[in-house]
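The file query_38.pdb comes next; it holds PDB, C-alpha atoms and all ligand atoms.
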```
MODEL        1
ATOM      1  CA  MET A 187     113.614-123.688  -3.000
ATOM      2  CA  GLN A 188     110.883-125.349  -5.027
ATOM      3  CA  LEU A 189     110.408-126.351  -8.638
ATOM      4  CA  SER A 190     108.135-124.167 -10.780
ATOM      5  CA  VAL A 191     106.296-127.284 -12.018
ATOM      6  CA  LYS A 192     104.036-129.884 -10.387
ATOM      7  CA  HIS A 193     105.004-132.652 -12.834
ATOM      8  CA  LEU A 194     108.258-133.447 -14.648
ATOM      9  CA  LEU A 195     106.865-133.950 -18.143
ATOM     10  CA  GLY A 196     109.719-132.453 -20.139
ATOM     11  CA  ILE A 197     112.757-130.186 -19.948
ATOM     12  CA  ARG A 198     110.844-127.791 -22.211
ATOM     13  CA  ASP A 199     108.655-126.812 -19.210
ATOM     14  CA  LEU A 200     111.555-126.182 -16.796
ATOM     15  CA  THR A 201     113.321-122.898 -16.078
ATOM     16  CA  GLY A 202     117.099-122.631 -15.844
ATOM     17  CA  GLN A 203     116.614-122.278 -12.059
ATOM     18  CA  ASP A 204     114.624-125.541 -11.941
ATOM     19  CA  ILE A 205     117.428-127.345 -13.782
ATOM     20  CA  GLN A 206     120.082-125.845 -11.500
ATOM     21  CA  LEU A 207     118.050-126.885  -8.424
ATOM     22  CA  ILE A 208     117.664-130.484  -9.633
ATOM     23  CA  LEU A 209     121.371-130.780 -10.503
ATOM     24  CA  ASP A 210     122.476-129.262  -7.172
ATOM     25  CA  THR A 211     120.072-131.491  -5.213
ATOM     26  CA  ALA A 212     121.400-134.503  -7.154
ATOM     27  CA  THR A 213     124.924-133.547  -6.044
ATOM     28  CA  GLU A 214     123.756-133.798  -2.415
ATOM     29  CA  PHE A 215     122.124-137.161  -3.100
ATOM     30  CA  LYS A 216     125.276-138.421  -4.819
ATOM     31  CA  GLU A 217     127.091-137.719  -1.545
ATOM     32  CA  VAL A 218     124.406-139.723   0.303
ATOM     33  CA  LEU A 219     125.000-142.620  -2.102
ATOM     34  CA  GLN A 220     128.704-142.740  -1.136
ATOM     35  CA  ARG A 221     127.813-143.333   2.547
ATOM     36  CA  PRO A 222     127.873-146.857   4.077
ATOM     37  CA  ILE A 223     124.109-146.454   4.714
ATOM     38  CA  LYS A 224     122.737-145.128   1.431
ATOM     39  CA  LYS A 225     119.178-144.601   2.562
ATOM     40  CA  VAL A 226     117.411-141.438   3.786
ATOM     41  CA  PRO A 227     113.836-141.178   5.113
ATOM     42  CA  SER A 228     112.849-138.269   2.813
ATOM     43  CA  LEU A 229     109.950-140.088   1.082
ATOM     44  CA  ARG A 230     108.802-142.299   3.960
ATOM     45  CA  ASP A 231     105.010-142.861   3.641
ATOM     46  CA  VAL A 232     105.069-141.775  -0.027
ATOM     47  CA  THR A 233     103.887-144.478  -2.465
ATOM     48  CA  ILE A 234     105.129-144.423  -6.061
ATOM     49  CA  VAL A 235     104.056-146.542  -9.022
ATOM     50  CA  ASN A 236     106.523-147.190 -11.842
ATOM     51  CA  LEU A 237     104.266-147.601 -14.845
ATOM     52  CA  PHE A 238     106.229-148.998 -17.798
ATOM     53  CA  TYR A 239     104.323-149.485 -21.049
ATOM     54  CA  GLU A 240     107.596-149.814 -22.973
ATOM     55  CA  ASN A 241     110.780-151.810 -22.311
ATOM     56  CA  SER A 242     113.528-150.348 -20.167
ATOM     57  CA  THR A 243     116.593-151.533 -18.281
ATOM     58  CA  ARG A 244     118.414-148.442 -16.963
ATOM     59  CA  THR A 245     115.505-146.073 -16.330
ATOM     60  CA  ARG A 246     113.231-148.581 -14.604
ATOM     61  CA  ILE A 247     115.926-149.981 -12.301
ATOM     62  CA  SER A 248     117.298-146.510 -11.612
ATOM     63  CA  PHE A 249     113.897-145.099 -10.588
ATOM     64  CA  GLU A 250     113.165-148.102  -8.396
ATOM     65  CA  LEU A 251     116.540-147.818  -6.680
ATOM     66  CA  ALA A 252     116.118-144.038  -6.247
ATOM     67  CA  GLU A 253     112.705-144.599  -4.631
ATOM     68  CA  LYS A 254     114.092-147.265  -2.291
ATOM     69  CA  ARG A 255     117.048-145.034  -1.298
ATOM     70  CA  LEU A 256     114.477-142.350  -0.395
ATOM     71  CA  SER A 257     112.459-144.875   1.696
ATOM     72  CA  ALA A 258     109.369-144.633  -0.549
ATOM     73  CA  ASP A 259     107.004-147.567  -1.038
ATOM     74  CA  THR A 260     107.187-148.694  -4.677
ATOM     75  CA  ILE A 261     104.934-150.657  -7.002
ATOM     76  CA  ASN A 262     106.157-151.848 -10.390
ATOM     77  CA  PHE A 263     103.681-152.145 -13.255
ATOM     78  CA  THR A 264     104.592-153.436 -16.710
ATOM     79  CA  ALA A 265     101.964-153.457 -19.458
ATOM     80  CA  SER A 266     102.853-157.020 -20.483
ATOM     81  CA  GLY A 267     101.137-159.392 -18.071
ATOM     82  CA  SER A 268      98.578-156.748 -17.016
ATOM     83  CA  SER A 269      94.919-156.175 -17.923
ATOM     84  CA  VAL A 270      96.074-153.810 -20.701
ATOM     85  CA  SER A 271      96.038-156.954 -22.881
ATOM     86  CA  LYS A 272      92.271-157.208 -22.127
ATOM     87  CA  GLY A 273      91.696-153.702 -23.485
ATOM     88  CA  GLU A 274      91.874-151.598 -20.304
ATOM     89  CA  THR A 275      92.648-147.962 -21.117
ATOM     90  CA  LEU A 276      95.610-145.987 -19.760
ATOM     91  CA  LEU A 277      93.304-143.748 -17.709
ATOM     92  CA  ASP A 278      91.334-146.665 -16.224
ATOM     93  CA  THR A 279      94.572-148.456 -15.371
ATOM     94  CA  VAL A 280      96.027-145.417 -13.622
ATOM     95  CA  ASN A 281      92.809-144.512 -11.785
ATOM     96  CA  ASN A 282      92.562-148.068 -10.476
ATOM     97  CA  ILE A 283      96.144-147.902  -9.216
ATOM     98  CA  LEU A 284      95.592-144.442  -7.669
ATOM     99  CA  SER A 285      92.497-145.662  -5.812
ATOM    100  CA  MET A 286      94.940-147.795  -3.772
ATOM    101  CA  LYS A 287      96.377-144.495  -2.419
ATOM    102  CA  VAL A 288      99.385-143.988  -4.676
ATOM    103  CA  ASP A 289     101.009-140.529  -4.514
ATOM    104  CA  MET A 290     103.298-140.342  -7.563
ATOM    105  CA  VAL A 291     103.477-141.905 -11.007
ATOM    106  CA  VAL A 292     106.647-142.566 -13.006
ATOM    107  CA  MET A 293     105.616-143.423 -16.543
ATOM    108  CA  ARG A 294     107.250-144.631 -19.764
ATOM    109  CA  HIS A 295     105.027-144.944 -22.815
ATOM    110  CA  SER A 296     105.619-145.417 -26.541
ATOM    111  CA  ALA A 297     103.048-142.700 -27.353
ATOM    112  CA  SER A 298     104.395-139.137 -27.360
ATOM    113  CA  GLY A 299     102.256-137.027 -25.005
ATOM    114  CA  ALA A 300     100.916-139.925 -22.897
ATOM    115  CA  PRO A 301     102.167-138.427 -19.574
ATOM    116  CA  HIS A 302     100.827-134.988 -20.573
ATOM    117  CA  PHE A 303      97.394-136.558 -21.165
ATOM    118  CA  LEU A 304      97.546-138.248 -17.778
ATOM    119  CA  ALA A 305      98.563-135.011 -16.040
ATOM    120  CA  LYS A 306      95.288-133.421 -17.178
ATOM    121  CA  HIS A 307      93.193-136.198 -15.627
ATOM    122  CA  ILE A 308      94.788-137.344 -12.361
ATOM    123  CA  PRO A 309      95.804-135.525  -9.157
ATOM    124  CA  ALA A 310      99.141-137.364  -8.585
ATOM    125  CA  ALA A 311     102.535-135.915  -9.578
ATOM    126  CA  ILE A 312     103.875-137.512 -12.775
ATOM    127  CA  ILE A 313     107.455-138.025 -13.919
ATOM    128  CA  ASN A 314     107.924-138.771 -17.595
ATOM    129  CA  ALA A 315     110.387-141.672 -17.945
ATOM    130  CA  GLY A 316     110.366-141.333 -21.761
ATOM    131  CA  ASP A 317     107.374-140.775 -24.076
ATOM    132  CA  GLY A 318     107.633-141.844 -27.711
ATOM    133  CA  ILE A 319     109.882-139.494 -29.667
ATOM    134  CA  ASN A 320     109.024-136.498 -27.461
ATOM    135  CA  GLU A 321     111.192-136.242 -24.315
ATOM    136  CA  HIS A 322     113.154-138.212 -21.721
ATOM    137  CA  PRO A 323     113.695-135.490 -19.117
ATOM    138  CA  THR A 324     115.552-137.463 -16.439
ATOM    139  CA  GLN A 325     117.980-138.722 -19.125
ATOM    140  CA  GLY A 326     118.617-135.104 -20.178
ATOM    141  CA  LEU A 327     119.213-134.180 -16.527
ATOM    142  CA  LEU A 328     121.565-137.083 -15.818
ATOM    143  CA  ASP A 329     123.481-136.355 -19.015
ATOM    144  CA  ALA A 330     123.889-132.715 -17.950
ATOM    145  CA  PHE A 331     124.855-133.759 -14.413
ATOM    146  CA  SER A 332     127.518-136.095 -15.851
ATOM    147  CA  MET A 333     128.909-133.409 -18.194
ATOM    148  CA  ARG A 334     129.047-130.866 -15.353
ATOM    149  CA  GLU A 335     130.705-133.398 -13.042
ATOM    150  CA  LYS A 336     133.325-134.330 -15.647
ATOM    151  CA  LEU A 337     134.078-130.902 -17.138
ATOM    152  CA  GLY A 338     132.994-128.529 -14.355
ATOM    153  CA  ARG A 339     130.462-126.489 -16.318
ATOM    154  CA  LEU A 340     127.624-126.495 -18.842
ATOM    155  CA  GLU A 341     127.839-122.875 -19.965
ATOM    156  CA  GLY A 342     129.971-122.563 -23.086
ATOM    157  CA  LEU A 343     130.437-126.333 -23.410
ATOM    158  CA  LYS A 344     130.367-127.628 -26.997
ATOM    159  CA  VAL A 345     128.146-130.715 -27.164
ATOM    160  CA  ALA A 346     127.587-132.730 -30.347
ATOM    161  CA  ILE A 347     124.560-135.042 -30.313
ATOM    162  CA  ILE A 348     125.303-137.671 -32.937
ATOM    163  CA  GLY A 349     123.035-140.188 -34.680
ATOM    164  CA  ASP A 350     119.301-140.669 -35.075
ATOM    165  CA  ILE A 351     118.115-137.221 -33.979
ATOM    166  CA  MET A 352     114.752-137.612 -35.748
ATOM    167  CA  HIS A 353     113.478-140.415 -33.495
ATOM    168  CA  SER A 354     115.275-139.545 -30.282
ATOM    169  CA  ARG A 355     113.552-138.232 -27.145
ATOM    170  CA  VAL A 356     117.009-138.124 -25.523
ATOM    171  CA  ALA A 357     118.164-135.671 -28.199
ATOM    172  CA  MET A 358     115.169-133.396 -27.566
ATOM    173  CA  SER A 359     115.644-133.290 -23.784
ATOM    174  CA  ASN A 360     119.382-132.692 -24.218
ATOM    175  CA  ILE A 361     118.808-129.859 -26.690
ATOM    176  CA  TYR A 362     116.240-128.088 -24.465
ATOM    177  CA  LEU A 363     118.421-128.458 -21.383
ATOM    178  CA  LEU A 364     121.776-127.541 -22.873
ATOM    179  CA  LYS A 365     120.395-124.463 -24.638
ATOM    180  CA  LYS A 366     118.708-123.270 -21.400
ATOM    181  CA  MET A 367     122.020-123.692 -19.545
ATOM    182  CA  GLY A 368     124.137-121.816 -22.095
ATOM    183  CA  ALA A 369     125.916-124.701 -23.845
ATOM    184  CA  GLU A 370     126.599-124.738 -27.596
ATOM    185  CA  VAL A 371     124.776-127.614 -29.297
ATOM    186  CA  MET A 372     125.416-129.384 -32.598
ATOM    187  CA  VAL A 373     123.367-132.236 -34.040
ATOM    188  CA  ALA A 374     125.221-134.570 -36.407
ATOM    189  CA  GLY A 375     124.260-137.564 -38.513
ATOM    190  CA  PRO A 376     122.839-138.498 -41.909
ATOM    191  CA  PRO A 377     120.560-135.806 -43.413
ATOM    192  CA  THR A 378     117.637-138.286 -43.400
ATOM    193  CA  LEU A 379     117.888-138.662 -39.612
ATOM    194  CA  ILE A 380     118.031-134.940 -38.799
ATOM    195  CA  PRO A 381     114.743-132.951 -38.914
ATOM    196  CA  LYS A 382     114.866-130.180 -41.553
ATOM    197  CA  TYR A 383     113.498-127.543 -39.136
ATOM    198  CA  ILE A 384     115.901-128.214 -36.271
ATOM    199  CA  ARG A 385     118.506-125.496 -36.973
ATOM    200  CA  GLU A 386     116.024-122.613 -36.950
ATOM    201  CA  ALA A 387     113.601-124.039 -34.356
ATOM    202  CA  PHE A 388     116.215-124.838 -31.720
ATOM    203  CA  ASP A 389     119.183-122.629 -32.657
ATOM    204  CA  VAL A 390     121.566-125.592 -32.986
ATOM    205  CA  ARG A 391     124.380-126.272 -35.453
ATOM    206  CA  VAL A 392     123.840-129.055 -37.985
ATOM    207  CA  GLU A 393     126.724-131.168 -39.307
ATOM    208  CA  TYR A 394     126.570-134.158 -41.651
ATOM    209  CA  ASN A 395     130.281-135.002 -41.434
ATOM    210  CA  LEU A 396     131.225-137.050 -38.355
ATOM    211  CA  ARG A 397     134.903-136.026 -38.245
ATOM    212  CA  LYS A 398     134.020-132.313 -38.375
ATOM    213  CA  ALA A 399     131.498-132.794 -35.550
ATOM    214  CA  LEU A 400     134.070-134.596 -33.388
ATOM    215  CA  GLU A 401     136.757-131.980 -34.131
ATOM    216  CA  TRP A 402     134.343-129.222 -32.987
ATOM    217  CA  CYS A 403     132.967-130.678 -29.747
ATOM    218  CA  ASP A 404     134.093-131.148 -26.140
ATOM    219  CA  VAL A 405     131.482-133.878 -25.599
ATOM    220  CA  ALA A 406     129.985-136.337 -28.087
ATOM    221  CA  ASN A 407     126.648-137.736 -26.923
ATOM    222  CA  VAL A 408     126.202-140.704 -29.248
ATOM    223  CA  LEU A 409     122.730-142.107 -29.924
ATOM    224  CA  ARG A 410     121.648-145.442 -31.302
ATOM    225  CA  ILE A 411     119.563-145.949 -34.412
ATOM    226  CA  GLN A 412     115.983-146.260 -33.137
ATOM    227  CA  LEU A 413     114.942-149.088 -35.479
ATOM    228  CA  GLU A 414     111.767-149.737 -33.459
ATOM    229  CA  ARG A 415     110.555-146.159 -34.077
ATOM    230  CA  GLN A 416     111.271-146.041 -37.820
ATOM    231  CA  ASN A 417     108.544-147.053 -40.232
ATOM    232  CA  GLN A 418     110.613-146.441 -43.347
ATOM    233  CA  VAL A 419     114.183-147.019 -44.478
ATOM    234  CA  LEU A 420     116.137-143.807 -43.803
ATOM    235  CA  PHE A 421     119.630-145.138 -44.541
ATOM    236  CA  SER A 422     120.923-147.963 -46.722
ATOM    237  CA  SER A 423     122.168-150.425 -44.087
ATOM    238  CA  LEU A 424     123.539-150.568 -40.559
ATOM    239  CA  ARG A 425     126.937-151.440 -42.067
ATOM    240  CA  GLU A 426     126.951-148.287 -44.210
ATOM    241  CA  TYR A 427     125.755-146.230 -41.249
ATOM    242  CA  SER A 428     128.598-147.640 -39.179
ATOM    243  CA  LEU A 429     131.174-146.854 -41.883
ATOM    244  CA  ALA A 430     130.062-143.203 -42.108
ATOM    245  CA  TYR A 431     129.025-142.482 -38.509
ATOM    246  CA  GLY A 432     130.500-145.232 -36.329
ATOM    247  CA  ILE A 433     133.005-144.052 -33.701
ATOM    248  CA  ASN A 434     136.054-146.125 -32.797
ATOM    249  CA  LYS A 435     139.204-145.517 -30.756
ATOM    250  CA  GLN A 436     141.361-144.960 -33.854
ATOM    251  CA  LEU A 437     139.093-142.074 -34.873
ATOM    252  CA  LEU A 438     139.126-140.634 -31.331
ATOM    253  CA  ASP A 439     142.944-140.862 -31.191
ATOM    254  CA  SER A 440     143.255-138.973 -34.476
ATOM    255  CA  LEU A 441     141.365-135.906 -33.155
ATOM    256  CA  PRO A 442     143.262-132.758 -32.125
ATOM    257  CA  LYS A 443     141.916-132.928 -28.539
ATOM    258  CA  GLU A 444     140.564-135.542 -26.151
ATOM    259  CA  ILE A 445     136.771-135.457 -26.111
ATOM    260  CA  VAL A 446     134.297-137.059 -23.708
ATOM    261  CA  ILE A 447     132.129-139.899 -25.050
ATOM    262  CA  MET A 448     128.586-140.379 -23.745
ATOM    263  CA  HIS A 449     125.747-142.705 -24.702
ATOM    264  CA  PRO A 450     122.316-143.056 -23.045
ATOM    265  CA  GLY A 451     122.216-146.818 -23.739
ATOM    266  CA  PRO A 452     121.433-149.370 -24.913
ATOM    267  CA  ILE A 453     124.533-149.334 -27.159
ATOM    268  CA  ASN A 454     124.500-151.051 -30.526
ATOM    269  CA  ARG A 455     128.156-152.075 -30.312
ATOM    270  CA  GLY A 456     129.832-152.042 -33.704
ATOM    271  CA  VAL A 457     127.178-149.729 -35.195
ATOM    272  CA  GLU A 458     127.321-146.228 -33.649
ATOM    273  CA  LEU A 459     130.109-147.066 -31.197
ATOM    274  CA  ASP A 460     132.852-149.705 -31.241
ATOM    275  CA  SER A 461     133.759-151.414 -27.978
ATOM    276  CA  ASP A 462     137.260-149.875 -27.957
ATOM    277  CA  ALA A 463     135.621-146.410 -27.821
ATOM    278  CA  ALA A 464     132.664-147.326 -25.587
ATOM    279  CA  ASP A 465     134.947-148.885 -22.980
ATOM    280  CA  SER A 466     137.794-146.362 -23.290
ATOM    281  CA  ARG A 467     139.054-143.897 -20.684
ATOM    282  CA  GLN A 468     137.240-141.142 -22.591
ATOM    283  CA  SER A 469     133.862-142.799 -22.086
ATOM    284  CA  ILE A 470     131.665-141.814 -19.105
ATOM    285  CA  ILE A 471     128.794-144.122 -20.084
ATOM    286  CA  LEU A 472     128.721-146.056 -16.800
ATOM    287  CA  GLN A 473     129.083-142.832 -14.780
ATOM    288  CA  GLN A 474     125.925-141.631 -16.570
ATOM    289  CA  VAL A 475     124.094-144.722 -15.310
ATOM    290  CA  GLU A 476     125.465-144.249 -11.790
ATOM    291  CA  ASN A 477     124.438-140.575 -11.779
ATOM    292  CA  GLY A 478     120.932-141.495 -12.934
ATOM    293  CA  VAL A 479     120.077-142.719  -9.427
ATOM    294  CA  ALA A 480     121.070-139.439  -7.713
ATOM    295  CA  VAL A 481     119.336-137.342 -10.395
ATOM    296  CA  ARG A 482     116.107-139.359 -10.108
ATOM    297  CA  MET A 483     116.272-139.119  -6.311
ATOM    298  CA  ALA A 484     116.486-135.337  -6.731
ATOM    299  CA  ALA A 485     113.515-135.206  -9.116
ATOM    300  CA  LEU A 486     111.347-137.432  -6.883
ATOM    301  CA  TYR A 487     112.336-135.518  -3.759
ATOM    302  CA  LEU A 488     111.681-132.062  -5.219
ATOM    303  CA  LEU A 489     108.349-133.042  -6.805
ATOM    304  CA  SER A 490     107.173-134.515  -3.501
ATOM    305  CA  GLY A 491     107.798-131.194  -1.762
ATOM    306  CA  GLY A 492     111.253-131.865  -0.254
ATOM    307  CA  ARG A 493     111.462-132.904   3.401
ATOM    308  CA  GLY A 494     115.152-132.892   4.433
ATOM    309  CA  ILE A 495     117.832-134.891   2.614
ATOM    310  CA  SER A 496     120.185-135.956   5.382
ATOM    311  CA  ALA A 497     117.743-136.352   8.294
TER
HETATM  312  N1  LIG A 501     118.624-144.635 -21.436
HETATM  313  C1  LIG A 501     117.493-145.351 -21.339
HETATM  314  O1  LIG A 501     116.377-144.808 -21.329
HETATM  315  O2  LIG A 501     117.688-146.695 -21.240
HETATM  316  P1  LIG A 501     116.516-147.757 -20.991
HETATM  317  O3  LIG A 501     115.635-147.763 -22.222
HETATM  318  O4  LIG A 501     117.199-149.059 -20.738
HETATM  319  O5  LIG A 501     115.731-147.278 -19.795
ENDMDL
END
```

Please, can you express the file's structure as structure tokens?
Ligand code: CP
Amino acid sequence: MQLSVKHLLGIRDLTGQDIQLILDTATEFKEVLQRPIKKVPSLRDVTIVNLFYENSTRTRISFELAEKRLSADTINFTASGSSVSKGETLLDTVNNILSMKVDMVVMRHSASGAPHFLAKHIPAAIINAGDGINEHPTQGLLDAFSMREKLGRLEGLKVAIIGDIMHSRVAMSNIYLLKKMGAEVMVAGPPTLIPKYIREAFDVRVEYNLRKALEWCDVANVLRIQLERQNQVLFSSLREYSLAYGINKQLLDSLPKEIVIMHPGPINRGVELDSDAADSRQSIILQQVENGVAVRMAALYLLSGGRGISA
């Protein structure tokens, strides 16, 4: 089976079958990662550049590890310390790198649409590792993989995405993916951080009361306040945000059922999530990070054409 797309720019472009294929392939790679020798030769002779124009811990390390586990050759590029500071354009930078015979590009950029622009101008396959406030497709996929692994299904699952929906590419990729796979989706947070059009445009529930959102859901995917992407004050203070929307263990224990807590990271501890909730038995935050490697192996493998996982 093959993906219907040449690039992984966003979940919006994928079919339900594409998503199923990536998640099922990731399950096979997760099995590979449990072996004493965690490496397969699937991407031998494939060269991949990780092009990061914006900071990252989890995504950058996870892609690099996924590439190494697949036996690909990897190059890491970060904008700081490069000739970007001398005014070199994105397209010139990428064309120079591609002239050294690079096959795939993994890119994070603060501008929404940057990987889509690149896809129109270069022949290599591109994976979007997060673009501005648009999408973060591999995060959406690893979140879905983690939910399916923990609860056995996506269809019919009630997922509340809580926090700064307005500035979150993780929220967008989760909404596209979960709706395509038959889950019920709620977005929750302060009215100023939830786009007015979201209910009608994406067929999601909207809730401004945290307790009601937590009482409704099976899974709470908690997001941080994206201070770096806000150019105006949309709530009074982090302390007030935390009082109204912060999740702690006492609140979780008072709910009628045990829910699963997720967070894409980085966590602002004491703001959207207290440590006693983030580190509790209900949290699968570190499993999300672990699953990111298998999911990114699956995406890289399928976009490169797929040449035998266990060989
Ligand atoms: N979840 C996520 O994208 O984290 P990083 O910004 O550390 O990559």

Against ligand LIG 501 (chain A), which residues of chain A fall within 7 Å? For each one I want the closest pair of atoms and the distance in Å (one decimal), counting only C-alpha atoms and all ligand atoms, rows by chain and increasing residue number, as CSV.
```
residue,atom,partner,partner_atom,distance
A:Asn241,CA,A:LIG501,O3,6.3
A:Ser242,CA,A:LIG501,O5,3.8
A:Thr243,CA,A:LIG501,O4,3.5
A:Arg244,CA,A:LIG501,O4,4.0
A:Thr245,CA,A:LIG501,O5,3.7
A:Arg246,CA,A:LIG501,O5,5.9
A:Gly316,CA,A:LIG501,O1,7.0
A:Gln325,CA,A:LIG501,N1,6.4
A:Pro450,CA,A:LIG501,N1,4.3
A:Gly451,CA,A:LIG501,N1,4.8
A:Pro452,CA,A:LIG501,O2,5.9
```

ask   = Which neighbours of A:Lys216 fall inside 10 Å, counting all atoms listed in the file, when residues of the same chain fewer than 2 positions from it are skipped, and could you give them as number ranges by chain?
value = A: 210-214, 218-221, 224, 476-481, 483-484

Expected file: the selected residues, C-alpha atoms, as an mmCIF file, in the coordinates of the input:
```cif
data_model
loop_
_atom_site.group_PDB
_atom_site.id
_atom_site.type_symbol
_atom_site.label_atom_id
_atom_site.label_comp_id
_atom_site.auth_asym_id
_atom_site.auth_seq_id
_atom_site.Cartn_x
_atom_site.Cartn_y
_atom_site.Cartn_z
ATOM 1 C CA ASP A 210 122.476 -129.262 -7.172
ATOM 2 C CA THR A 211 120.072 -131.491 -5.213
ATOM 3 C CA ALA A 212 121.400 -134.503 -7.154
ATOM 4 C CA THR A 213 124.924 -133.547 -6.044
ATOM 5 C CA GLU A 214 123.756 -133.798 -2.415
ATOM 6 C CA VAL A 218 124.406 -139.723 0.303
ATOM 7 C CA LEU A 219 125.000 -142.620 -2.102
ATOM 8 C CA GLN A 220 128.704 -142.740 -1.136
ATOM 9 C CA ARG A 221 127.813 -143.333 2.547
ATOM 10 C CA LYS A 224 122.737 -145.128 1.431
ATOM 11 C CA GLU A 476 125.465 -144.249 -11.790
ATOM 12 C CA ASN A 477 124.438 -140.575 -11.779
ATOM 13 C CA GLY A 478 120.932 -141.495 -12.934
ATOM 14 C CA VAL A 479 120.077 -142.719 -9.427
ATOM 15 C CA ALA A 480 121.070 -139.439 -7.713
ATOM 16 C CA VAL A 481 119.336 -137.342 -10.395
ATOM 17 C CA MET A 483 116.272 -139.119 -6.311
ATOM 18 C CA ALA A 484 116.486 -135.337 -6.731
#
```

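Among the candidate residues A:Met367, A:Ile313, A:Ser268, A:Asp460, the one lying nearest to A:Asp204 is A:Met367, with distances computed using only C-alpha atoms.
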
- Query: Got a sec to resolve the PyMOL selection byres (((chain A and resi 293) around 10) and not hetatm) on this structure and send the residues as an NGL selection string?
  - Reply: :A and (195 or 235-240 or 246 or 263 or 290-292 or 294-295 or 300-301 or 304 or 312-317)

- Please evaluate the PyMOL selection byres (((chain A and resi 398) around 12) and not hetatm) against the displayed coordinates and give the resulting residues as a list in words.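 Residues picked by the PyMOL selection byres (((chain A and resi 398) around 12) and not hetatm): Ala346, Ile348, Met372, Val373, Ala374, Gly375, Arg391, Val392, Glu393, Tyr394, Asn395, Leu396, Arg397, Ala399, Leu400, Glu401, Trp402, Cys403, Ala406, Tyr431, Leu437, Leu441 and Pro442 of chain A.
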
Calculate how many Å separate atom CA of A:Gln468 from atom CA of A:Lys366, rounding to one decimal.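 We find that atom CA of A:Gln468 and atom CA of A:Lys366 lie 25.8 Å from each other.
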
The residue from A:Leu256, A:Ile471, A:Val390, A:Met352 with the smallest atom-to-atom distance to A:Met333, counting all atoms listed in the file, is A:Ile471

List every protein, DNA or RNA residue that has an atom no more than 6 Å from (108.0, -139.8, -29.2) in the file's coordinate frame, counting all atoms listed in the file, and report them as a ChimeraX atom specification. /A:298,317-320

A:Tyr427 proximity check over A:Glu250, A:Glu321, A:Glu341, A:Asp350, using all atoms listed in the file: winner is A:Asp350

One residue among A:Leu363, A:Val446, A:Val475, A:Ile347 is nearest to A:Glu458 when using all atoms listed in the file, and that residue is A:Ile347

Provide an axis-aligned box for all listed atoms of stretch 202-214 of chain A, padding each side by 4 Å; report its centre and its edge lengths in Å to one decimal, as JSON.
```
{"center_x": 119.8, "center_y": -128.4, "center_z": -9.1, "size_x": 18.3, "size_y": 20.2, "size_z": 21.4}
```

Interatomic distance, atom CA of A:Ser248 to atom CA of A:Ile205 (Å, one decimal)
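Answer for the atom CA of A:Ser248 to atom CA of A:Ile205 separation: 19.3 Å.
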
_So the first atom is atom CA of A:Ala463 and the second is atom CA of A:Asn434; what is the distance between them in Å, to one decimal place?_
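If I compute the distance from atom CA of A:Ala463 to atom CA of A:Asn434, I get 5.0 Å.
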
Exercise for the section: Can you give me, as a list in words, the residues this file yields under the PyMOL selection byres (((chain A and resi 187) around 10) and not hetatm)? Expected result: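 With the PyMOL selection byres (((chain A and resi 187) around 10) and not hetatm) on this model, the match is Gln188, Leu189, Ser190, Gln203, Asp204, Leu207, Leu488, Gly491 and Gly492 of chain A.
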
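Closest approach to A:Ala252 among A:Val226, A:Leu276, A:Ile208, A:Leu340: A:Val226, based on all atoms listed in the file.
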